[in-house]
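Below is one structure; the comments refer to it alone.
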Amino acid sequence: MQVLEKYRLTFKIEEDHEPTQIAKYREKINMFVVFLKKAGLLMEKAKENMKEMVNHQEKLKDNYLRMYYAFMKYEDIAVDYFSDCDVSKRVLTHPGVADCKQTIVDSFNTHKNPYRDSYIWLKGEQLDCRGLLESLAGRERMMKHQLACEYKRKENQSELDKLEMNKTSFKNFFKSKNSKEDMKLKLTADVLAADHMIEDYRKLVQFLTVLLGVEVINKFKQSKVTQYKRMLRCFSVHEINNTHAMANLCHTFLSLDEMKN
């Protein structure tokens, strides 16, 4: 089978394993399929929740900008009136300081939405799980093809046995002697071809079982842990940078008021 040869060229693994070990691999694969299906449902819900967090964080950034703009407008109207037009009483709109509005905009432009990166990470996790689940389903399809081939071979062998023993069946009831001989030849050829096909399927399924049980699932699990840690680190760095930028902005406003005093 060409597919098997391609796998062998790509993946160098030891194919000969004890039947008990193969059974363990099958159990491992079956359990992982159950996990991936459950995880897929949970991740879909988590993705929707994360999307809401992304939007909430964007609105929070807009609210901060609106708040500072409201402070500046308050100074233009209320502080100006309460101080009898004494501009020295202003802070954000004091004529002696830099353009605070631009400072505010520049500060918030440096902010990164950590939830957005986490949302992208979660989508990637979901796609990875779906991809592996599809690979596992491919192995299942090969097993179904093998079973179908075995069933068809059994049918053909049963019909061939009846012909060999000159027994009548629904399929050969109306056939002549020559037609029955031709049928014997065809069934014999089909049975031999099925034997080869079944063996090819068996080898392919065993190769995939070993590959998944020994390498693929273990590497997949390890990579998921590594990617999670990378995402968590990125999330934390963004949060620290955002907090640092906000602290610097607030310190700037406090410093302006202290300088005037």
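Ligands are numbered from 1 in the order shown, chains are lettered A, B, ... in the order of the structure tokens, and residues start at 1 in each chain.
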
Inset, instruction - Run DSSP on the backbone and give me the residues of region 80-193 of chain A it puts in alpha helix (DSSP H), as a ChimeraX atom specification. - result: /A:80-82,100-109,114-164,177-193

Could those selected residues go to a file with C-alpha atoms, as an mmCIF file, in the first residue's frame?
```
data_model
loop_
_atom_site.group_PDB
_atom_site.id
_atom_site.type_symbol
_atom_site.label_atom_id
_atom_site.label_comp_id
_atom_site.auth_asym_id
_atom_site.auth_seq_id
_atom_site.Cartn_x
_atom_site.Cartn_y
_atom_site.Cartn_z
ATOM 1 C CA ASP A 80 -12.484 78.065 34.995
ATOM 2 C CA TYR A 81 -15.679 79.427 36.584
ATOM 3 C CA PHE A 82 -14.825 78.436 40.181
ATOM 4 C CA CYS A 100 -2.096 66.545 27.675
ATOM 5 C CA LYS A 101 -4.654 65.298 25.204
ATOM 6 C CA GLN A 102 -1.912 64.014 22.925
ATOM 7 C CA THR A 103 -0.074 62.586 25.929
ATOM 8 C CA ILE A 104 -3.177 60.643 26.900
ATOM 9 C CA VAL A 105 -3.717 59.358 23.363
ATOM 10 C CA ASP A 106 -0.058 58.338 23.008
ATOM 11 C CA SER A 107 -0.164 56.521 26.342
ATOM 12 C CA PHE A 108 -3.245 54.481 25.474
ATOM 13 C CA ASN A 109 -1.918 53.721 21.996
ATOM 14 C CA PRO A 114 -4.105 40.807 26.426
ATOM 15 C CA TYR A 115 -7.480 39.170 25.917
ATOM 16 C CA ARG A 116 -7.126 39.470 22.149
ATOM 17 C CA ASP A 117 -3.915 37.408 22.151
ATOM 18 C CA SER A 118 -5.561 34.887 24.467
ATOM 19 C CA TYR A 119 -8.542 34.677 22.125
ATOM 20 C CA ILE A 120 -6.242 33.994 19.164
ATOM 21 C CA TRP A 121 -4.406 31.369 21.230
ATOM 22 C CA LEU A 122 -7.695 29.695 22.125
ATOM 23 C CA LYS A 123 -8.783 29.608 18.477
ATOM 24 C CA GLY A 124 -5.452 27.997 17.621
ATOM 25 C CA GLU A 125 -5.920 25.417 20.348
ATOM 26 C CA GLN A 126 -9.354 24.603 19.011
ATOM 27 C CA LEU A 127 -8.042 24.178 15.468
ATOM 28 C CA ASP A 128 -5.179 21.979 16.702
ATOM 29 C CA CYS A 129 -7.601 19.747 18.598
ATOM 30 C CA ARG A 130 -9.893 19.502 15.590
ATOM 31 C CA GLY A 131 -6.945 18.631 13.362
ATOM 32 C CA LEU A 132 -5.769 15.850 15.652
ATOM 33 C CA LEU A 133 -9.321 14.589 16.091
ATOM 34 C CA GLU A 134 -9.626 14.389 12.310
ATOM 35 C CA SER A 135 -6.374 12.401 12.188
ATOM 36 C CA LEU A 136 -7.752 9.995 14.769
ATOM 37 C CA ALA A 137 -10.980 9.768 12.767
ATOM 38 C CA GLY A 138 -8.855 8.866 9.718
ATOM 39 C CA ARG A 139 -7.551 5.853 11.592
ATOM 40 C CA GLU A 140 -11.135 4.911 12.453
ATOM 41 C CA ARG A 141 -12.084 5.114 8.789
ATOM 42 C CA MET A 142 -9.264 2.740 7.868
ATOM 43 C CA MET A 143 -10.546 0.299 10.481
ATOM 44 C CA LYS A 144 -14.059 0.526 9.020
ATOM 45 C CA HIS A 145 -12.680 -0.109 5.527
ATOM 46 C CA GLN A 146 -10.874 -3.159 6.873
ATOM 47 C CA LEU A 147 -14.034 -4.492 8.518
ATOM 48 C CA ALA A 148 -16.047 -3.890 5.332
ATOM 49 C CA CYS A 149 -13.405 -5.721 3.311
ATOM 50 C CA GLU A 150 -13.425 -8.630 5.766
ATOM 51 C CA TYR A 151 -17.219 -8.816 5.610
ATOM 52 C CA LYS A 152 -17.191 -8.824 1.804
ATOM 53 C CA ARG A 153 -14.483 -11.501 1.749
ATOM 54 C CA LYS A 154 -16.533 -13.636 4.107
ATOM 55 C CA GLU A 155 -19.539 -13.351 1.821
ATOM 56 C CA ASN A 156 -17.507 -14.238 -1.263
ATOM 57 C CA GLN A 157 -15.834 -17.181 0.480
ATOM 58 C CA SER A 158 -19.210 -18.479 1.620
ATOM 59 C CA GLU A 159 -20.591 -18.279 -1.925
ATOM 60 C CA LEU A 160 -17.441 -19.908 -3.296
ATOM 61 C CA ASP A 161 -17.740 -22.770 -0.803
ATOM 62 C CA LYS A 162 -21.325 -23.375 -1.924
ATOM 63 C CA LEU A 163 -20.246 -23.515 -5.541
ATOM 64 C CA GLU A 164 -17.409 -25.887 -4.727
ATOM 65 C CA LYS A 177 -22.617 -24.696 -15.446
ATOM 66 C CA ASN A 178 -20.232 -22.490 -17.405
ATOM 67 C CA SER A 179 -21.480 -19.387 -15.645
ATOM 68 C CA LYS A 180 -20.897 -21.083 -12.315
ATOM 69 C CA GLU A 181 -17.326 -21.910 -13.322
ATOM 70 C CA ASP A 182 -16.749 -18.306 -14.304
ATOM 71 C CA MET A 183 -18.272 -17.240 -11.025
ATOM 72 C CA LYS A 184 -15.872 -19.538 -9.146
ATOM 73 C CA LEU A 185 -12.898 -17.944 -10.853
ATOM 74 C CA LYS A 186 -14.135 -14.451 -10.114
ATOM 75 C CA LEU A 187 -14.896 -15.222 -6.478
ATOM 76 C CA THR A 188 -11.515 -16.901 -6.045
ATOM 77 C CA ALA A 189 -9.789 -13.822 -7.464
ATOM 78 C CA ASP A 190 -11.902 -11.515 -5.243
ATOM 79 C CA VAL A 191 -11.064 -13.551 -2.140
ATOM 80 C CA LEU A 192 -7.326 -13.477 -2.895
ATOM 81 C CA ALA A 193 -7.469 -9.726 -3.578
#
```

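Excluding Glu15 (chain A) and any residue on its chain fewer than 3 positions from it, the residues at most 10 Å away by only C-alpha atoms are A:Arg8, A:Lys12, A:Glu18, A:Lys203, A:Gln206, A:Phe207, A:Leu208, A:Thr209, A:Val210, A:Leu211.
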
Would you put the residues from that selection into a file with C-alpha atoms, as a PDB file, in the first residue's frame?
```pdb
ATOM      1  CA  ARG A   8       7.187   4.782   6.779  1.00  0.00           C
ATOM      2  CA  LYS A  12      10.675   6.276  11.525  1.00  0.00           C
ATOM      3  CA  GLU A  18       3.461  -6.944  21.632  1.00  0.00           C
ATOM      4  CA  LYS A 203      -0.613  -3.127   8.702  1.00  0.00           C
ATOM      5  CA  GLN A 206      -1.321  -0.988  13.324  1.00  0.00           C
ATOM      6  CA  PHE A 207       1.233   1.553  12.056  1.00  0.00           C
ATOM      7  CA  LEU A 208      -1.144   4.423  12.819  1.00  0.00           C
ATOM      8  CA  THR A 209      -1.992   2.938  16.204  1.00  0.00           C
ATOM      9  CA  VAL A 210       1.676   2.718  17.181  1.00  0.00           C
ATOM     10  CA  LEU A 211       2.458   6.161  15.745  1.00  0.00           C
TER      11      LEU A 211
END
```

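One distance worth recording is that between CA of Gln222 (chain A) and CA of Phe35 (chain A), which is 15.5 Å.
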
Inset, instruction - Take CA of Lys37 (chain A) and CA of Glu14 (chain A) and report the distance between them in Å, one decimal. - result: 29.1 Å

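Each of A:Phe32, A:Phe235, A:Tyr25, A:Tyr64 was checked against Leu249 (chain A) using only C-alpha atoms; the smallest atom-to-atom distance is that of A:Tyr64.
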
Inset, instruction - Using only C-alpha atoms, find the one residue out of A:Asn113, A:Cys85, A:Leu92, A:Gln2 that sits nearest to Ala70 (chain A). - result: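 Ranked by minimum distance to Ala70 (chain A), first place goes to A:Leu92.
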
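Residues in contact with region 236-248 of chain A at 6 Å, where only C-alpha atoms are counted and same-chain residues fewer than 3 positions away are skipped, are listed as His111, Pro114, Arg233 and His251 of chain A.
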
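CA of Ile13 (chain A) to CA of Glu27 (chain A) spans 19.5 Å [interatomic distance, one decimal].
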